[in-house]
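Asker: The structure follows.
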Amino acid sequence: MGPEPRPHAVYPSTFVPRVYSVPSPALLVRQQPSGFLRDFDYSLNPYSGCAFQCGGCYVPDLLFGRAERLGGWGSYVEARVRSVEALQKAAPRLSGATFFMSPVTDVYQPAERRFRLTRALLEALREIPYEWGLISTRSPSILEDLDLLRAHHPRLEVGISVPSDLEEVRRRMDPKNPPVAARLETCRRLREAGVPVRLHVAPLQPHSDDFPRLAGEVADWVWIDFPCHLRVARPAYAAQGMAEYLAREWVERQADRWRAVLGADRVGFGQADFSRRSLAPL
Ligand code: SF4
């Protein structure tokens with residue numbers, strides 16, 4: 001056994017994508033009634049591009065070839081350095097609104113340590129009477145903002161993405177992701193600090209029989225889903241000999257198993273449950 005992963009370590013430590021500063025105003029995006037995020041009013045996107053380069057990531061599928069033109073998904077990160085300025089201009093629209101941060105990037109990927117845009121947004125959001133927000137990440141670096149997350153209580157919830165508890169699966173599908181143990185520990189520490197936290201087990205990948213119990217120990221509840229863009233997921237899963245895990249029946253069967261372990265009220269499933277809150281609205 002190697003040493004325990006350090007929760008504050010920067011992952012991946014050996015890979016640095018090209019990082020650009022851009023003044024893009026596309027920080028705040030209104031959600032469409034037909035979209036996956038239709039139960040949120042806005043998405044907040046301080047970065048574009050993502051160093052974690054997950055195997056089945058759907059984002060490049062939404063970019064109409066832009067990721068390829070910039071060198072391929074995972075090879076670049078754009079930091080929207082005027083994010084706070086854009087947020088302050090948009091403050092009246094966010095008042096009383098809900099948001100998700102972020103559907104197109106990981107807001108705690110390694111570039112955040114250099115630019116601190118997510119942290120600056122959290123600071124600025126304290127002055128805005130938004131209704132509720134959800135932040136999703138795969139990075140233990142979110143713990144560096146624990147103080148701020150707590151200051152937003154109970155309007156802000158965190159989702160930690162862990163599609164499998166098996167390191168072998170992570171290494172094959174998402175080798176640039178932080179280790180599984182570090183992400184579970186991050187979840188535990190957020191919960192212990194009183195931050196509402198769910199585990200995003202999406203897309204659900206092959207996992208150990210013990211994963212539902214482990215998840216229940218560290219998170220308030222878990223959210224499970226299928227891979228949402230099969231055009232991307234099919235080749236990625238097939239390349240790892242995992243095509244059988246894309247079957248709807250397999251995912252639904254597993255979700256039933258998770259409900260049997262955790263109770264139905266602690267397992268959300270699919271689009272309708274993504275906007276569910278750990279805590280009842282004020
Ligand atoms: S962390 Fe999210 S945005 Fe980044 S590569 Fe993975 S799925 Fe895509």
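As shown in the structure tokens, the chain order sets the letters A, B, ...; within each chain, residues go from 1, and ligands are also counted from 1 in the order they appear.
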Set the distance at 8 Å and use only C-alpha atoms: which residues neighbour segment 131-145 of chain A once local chain neighbours fewer than 2 positions away are removed? I'd like the list as a ChimeraX atom specification.
Answerer: /A:7-11,95-102,106-109,119,129,147-149,155-162,177-178,182-183,186,189-190
Asker: Which residues form the shell of 7 Å around ligand 1 when you count only C-alpha atoms and all ligand atoms, given as a ChimeraX atom specification?
Answerer: /A:50-54,57-59,74,103-106,137-138
Asker: For the selection you just gave me, I'd like the residues written to a file as a short mmCIF file (atom, residue, chain, number, x, y, z; two decimals), in the first residue's frame, keeping C-alpha atoms.
Answerer:
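Contents of out-v8.cif, as written:
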data_model
loop_
_atom_site.label_atom_id
_atom_site.label_comp_id
_atom_site.auth_asym_id
_atom_site.auth_seq_id
_atom_site.Cartn_x
_atom_site.Cartn_y
_atom_site.Cartn_z
CA CYS A 50 -10.65 21.10 -18.10
CA ALA A 51 -7.40 19.46 -17.04
CA PHE A 52 -9.18 16.41 -15.61
CA GLN A 53 -10.01 15.10 -19.10
CA CYS A 54 -12.45 12.41 -17.99
CA CYS A 57 -16.68 13.83 -20.72
CA TYR A 58 -19.62 15.25 -22.70
CA VAL A 59 -18.37 18.85 -22.84
CA GLY A 74 -7.78 18.35 -21.66
CA PRO A 103 -21.62 22.19 -16.50
CA VAL A 104 -18.63 22.90 -18.78
CA THR A 105 -15.54 22.73 -16.58
CA ASP A 106 -14.32 21.74 -13.11
CA THR A 137 -16.10 19.18 -8.51
CA ARG A 138 -13.73 16.23 -8.52
#
Asker: Residues at most 10 Å from Arg18 of chain A, counting only C-alpha atoms, excluding those fewer than 6 positions away in the same chain, as a PyMOL selection string?
Answerer: chain A and resi 49+51+70-71+74-78+111
Asker: Please write the residues from the selection above to a file, keeping all heavy atoms, as a CSV table (one decimal), in the first residue's frame.
Answerer:
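Result file again.csv:
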chain,number,residue,atom,x,y,z
A,49,GLY,N,-12.7,24.6,-20.7
A,49,GLY,CA,-11.6,23.6,-20.8
A,49,GLY,C,-11.4,23.0,-19.4
A,49,GLY,O,-11.8,23.6,-18.4
A,51,ALA,N,-8.6,20.3,-17.1
A,51,ALA,CA,-7.4,19.5,-17.0
A,51,ALA,C,-7.7,18.0,-16.6
A,51,ALA,O,-6.9,17.1,-16.8
A,51,ALA,CB,-6.4,20.1,-16.0
A,70,LEU,N,-8.4,23.9,-30.4
A,70,LEU,CA,-7.5,24.4,-29.4
A,70,LEU,C,-6.5,23.4,-28.9
A,70,LEU,O,-5.8,23.6,-28.0
A,70,LEU,CB,-8.3,24.9,-28.2
A,70,LEU,CG,-9.1,26.2,-28.4
A,70,LEU,CD1,-9.9,26.6,-27.2
A,70,LEU,CD2,-8.1,27.4,-28.7
A,71,GLY,N,-6.5,22.2,-29.6
A,71,GLY,CA,-5.5,21.2,-29.3
A,71,GLY,C,-6.0,19.9,-28.7
A,71,GLY,O,-5.2,19.0,-28.4
A,74,GLY,N,-8.8,18.7,-22.7
A,74,GLY,CA,-7.8,18.4,-21.7
A,74,GLY,C,-6.4,19.0,-21.9
A,74,GLY,O,-5.6,19.0,-21.0
A,75,SER,N,-6.2,19.6,-23.1
A,75,SER,CA,-4.9,20.2,-23.3
A,75,SER,C,-4.9,21.7,-23.1
A,75,SER,O,-3.8,22.3,-23.1
A,75,SER,CB,-4.5,19.9,-24.8
A,75,SER,OG,-5.2,20.8,-25.6
A,76,TYR,N,-6.0,22.3,-22.8
A,76,TYR,CA,-6.1,23.7,-22.6
A,76,TYR,C,-7.1,24.1,-21.5
A,76,TYR,O,-8.0,23.3,-21.2
A,76,TYR,CB,-6.5,24.5,-23.9
A,76,TYR,CG,-7.9,24.2,-24.2
A,76,TYR,CD1,-8.9,25.1,-23.8
A,76,TYR,CD2,-8.3,23.1,-25.0
A,76,TYR,CE1,-10.3,24.9,-24.1
A,76,TYR,CE2,-9.6,22.9,-25.2
A,76,TYR,CZ,-10.6,23.7,-24.8
A,76,TYR,OH,-11.9,23.5,-25.1
A,77,VAL,N,-6.8,25.2,-20.9
A,77,VAL,CA,-7.8,25.8,-19.9
A,77,VAL,C,-7.8,27.3,-20.2
A,77,VAL,O,-6.8,28.0,-20.3
A,77,VAL,CB,-7.4,25.6,-18.4
A,77,VAL,CG1,-8.4,26.3,-17.5
A,77,VAL,CG2,-7.3,24.1,-18.1
A,78,GLU,N,-9.0,27.8,-20.3
A,78,GLU,CA,-9.2,29.3,-20.4
A,78,GLU,C,-9.7,29.8,-19.1
A,78,GLU,O,-10.8,29.3,-18.6
A,78,GLU,CB,-10.2,29.6,-21.6
A,78,GLU,CG,-9.6,29.3,-22.9
A,78,GLU,CD,-10.6,29.5,-24.1
A,78,GLU,OE1,-11.8,29.3,-23.8
A,78,GLU,OE2,-10.2,29.9,-25.1
A,111,ALA,N,-5.9,24.9,-12.3
A,111,ALA,CA,-5.8,26.4,-12.6
A,111,ALA,C,-6.4,27.3,-11.6
A,111,ALA,O,-6.0,28.4,-11.5
A,111,ALA,CB,-6.5,26.6,-14.0
Asker: Could you give me, as a ChimeraX atom specification, each residue of segment 86-233 of chain A that DSSP assigns to helix (DSSP H, G or I) when run on this structure's backbone?
Answerer: /A:86-94,111-115,117-125,140-151,167-173,180-192,211-218,230-233
Asker: Using only C-alpha atoms, determine which residues lie at most 12 Å from Asp210 of chain A, disregarding the query and same-chain residues fewer than 4 positions distant; provide the list as a ChimeraX atom specification.
Answerer: /A:164-166,206,214-217,257-258,261-262
Asker: Please produce a file of those selected residues containing all heavy atoms, as a compact mmCIF listing (two decimals), in the first residue's frame.
Answerer:
# COMPACT_ATOMS: atom_id res chain seq x y z
N SER A 164 -16.89 5.85 -9.55
CA SER A 164 -16.57 4.49 -9.08
C SER A 164 -15.65 4.61 -7.87
O SER A 164 -14.86 5.55 -7.78
CB SER A 164 -15.87 3.69 -10.17
OG SER A 164 -15.38 2.47 -9.63
N ASP A 165 -15.74 3.64 -6.97
CA ASP A 165 -14.81 3.64 -5.83
C ASP A 165 -13.58 2.80 -6.13
O ASP A 165 -12.71 2.66 -5.26
CB ASP A 165 -15.51 3.10 -4.57
CG ASP A 165 -15.96 1.66 -4.74
OD1 ASP A 165 -16.26 1.25 -5.88
OD2 ASP A 165 -16.01 0.92 -3.73
N LEU A 166 -13.48 2.25 -7.32
CA LEU A 166 -12.35 1.38 -7.66
C LEU A 166 -11.24 2.18 -8.35
O LEU A 166 -11.47 2.75 -9.41
CB LEU A 166 -12.82 0.24 -8.57
CG LEU A 166 -13.89 -0.68 -7.97
CD1 LEU A 166 -14.36 -1.70 -9.00
CD2 LEU A 166 -13.36 -1.38 -6.72
N PRO A 206 -18.55 0.67 -13.11
CA PRO A 206 -18.43 -0.52 -12.26
C PRO A 206 -17.76 -0.18 -10.93
O PRO A 206 -16.80 0.61 -10.91
CB PRO A 206 -17.57 -1.47 -13.10
CG PRO A 206 -17.07 -0.68 -14.26
CD PRO A 206 -17.95 0.51 -14.42
N LEU A 214 -20.05 3.02 1.71
CA LEU A 214 -19.01 4.05 1.85
C LEU A 214 -19.57 5.44 1.53
O LEU A 214 -19.31 6.42 2.22
CB LEU A 214 -17.86 3.77 0.85
CG LEU A 214 -16.92 2.62 1.18
CD1 LEU A 214 -15.97 2.40 0.02
CD2 LEU A 214 -16.14 2.96 2.45
N ALA A 215 -20.38 5.50 0.47
CA ALA A 215 -20.97 6.78 0.05
C ALA A 215 -21.89 7.32 1.15
O ALA A 215 -21.86 8.52 1.47
CB ALA A 215 -21.74 6.60 -1.25
N GLY A 216 -22.66 6.42 1.73
CA GLY A 216 -23.59 6.84 2.77
C GLY A 216 -22.88 7.37 4.01
O GLY A 216 -23.45 8.16 4.77
N GLU A 217 -21.63 6.93 4.22
CA GLU A 217 -20.88 7.40 5.39
C GLU A 217 -20.35 8.82 5.21
O GLU A 217 -20.12 9.52 6.18
CB GLU A 217 -19.70 6.46 5.65
CG GLU A 217 -20.11 5.18 6.34
CD GLU A 217 -18.92 4.28 6.60
OE1 GLU A 217 -17.76 4.69 6.32
OE2 GLU A 217 -19.15 3.17 7.06
N ARG A 257 -30.09 -1.31 -6.08
CA ARG A 257 -29.24 -1.86 -5.03
C ARG A 257 -28.81 -0.74 -4.06
O ARG A 257 -28.81 -0.92 -2.84
CB ARG A 257 -28.01 -2.51 -5.68
CG ARG A 257 -27.25 -3.48 -4.78
CD ARG A 257 -26.26 -4.28 -5.58
NE ARG A 257 -25.20 -3.46 -6.17
CZ ARG A 257 -24.13 -3.03 -5.51
NH1 ARG A 257 -23.96 -3.34 -4.24
NH2 ARG A 257 -23.21 -2.30 -6.12
N TRP A 258 -28.48 0.43 -4.62
CA TRP A 258 -28.09 1.56 -3.78
C TRP A 258 -29.26 1.97 -2.88
O TRP A 258 -29.08 2.28 -1.70
CB TRP A 258 -27.65 2.75 -4.65
CG TRP A 258 -26.27 2.60 -5.19
CD1 TRP A 258 -25.83 1.67 -6.11
CD2 TRP A 258 -25.13 3.41 -4.87
NE1 TRP A 258 -24.49 1.86 -6.36
CE2 TRP A 258 -24.05 2.92 -5.62
CE3 TRP A 258 -24.93 4.50 -4.03
CZ2 TRP A 258 -22.76 3.48 -5.55
CZ3 TRP A 258 -23.66 5.06 -3.95
CH2 TRP A 258 -22.60 4.55 -4.71
N VAL A 261 -29.60 -0.26 0.11
CA VAL A 261 -28.60 -0.03 1.16
C VAL A 261 -28.85 1.28 1.90
O VAL A 261 -28.80 1.33 3.14
CB VAL A 261 -27.16 -0.02 0.56
CG1 VAL A 261 -26.13 0.33 1.63
CG2 VAL A 261 -26.85 -1.37 -0.08
N LEU A 262 -29.13 2.35 1.15
CA LEU A 262 -29.18 3.70 1.75
C LEU A 262 -30.58 4.17 2.08
O LEU A 262 -30.75 5.14 2.82
CB LEU A 262 -28.53 4.71 0.78
CG LEU A 262 -27.03 4.54 0.55
CD1 LEU A 262 -26.56 5.50 -0.53
CD2 LEU A 262 -26.26 4.79 1.83
Asker: From a DSSP calculation on the backbone, collect every residue of segment 110-264 of chain A in strand (DSSP E) and output the set as number ranges by chain.
Answerer: A: 132-137, 156-161, 197-201, 221-224
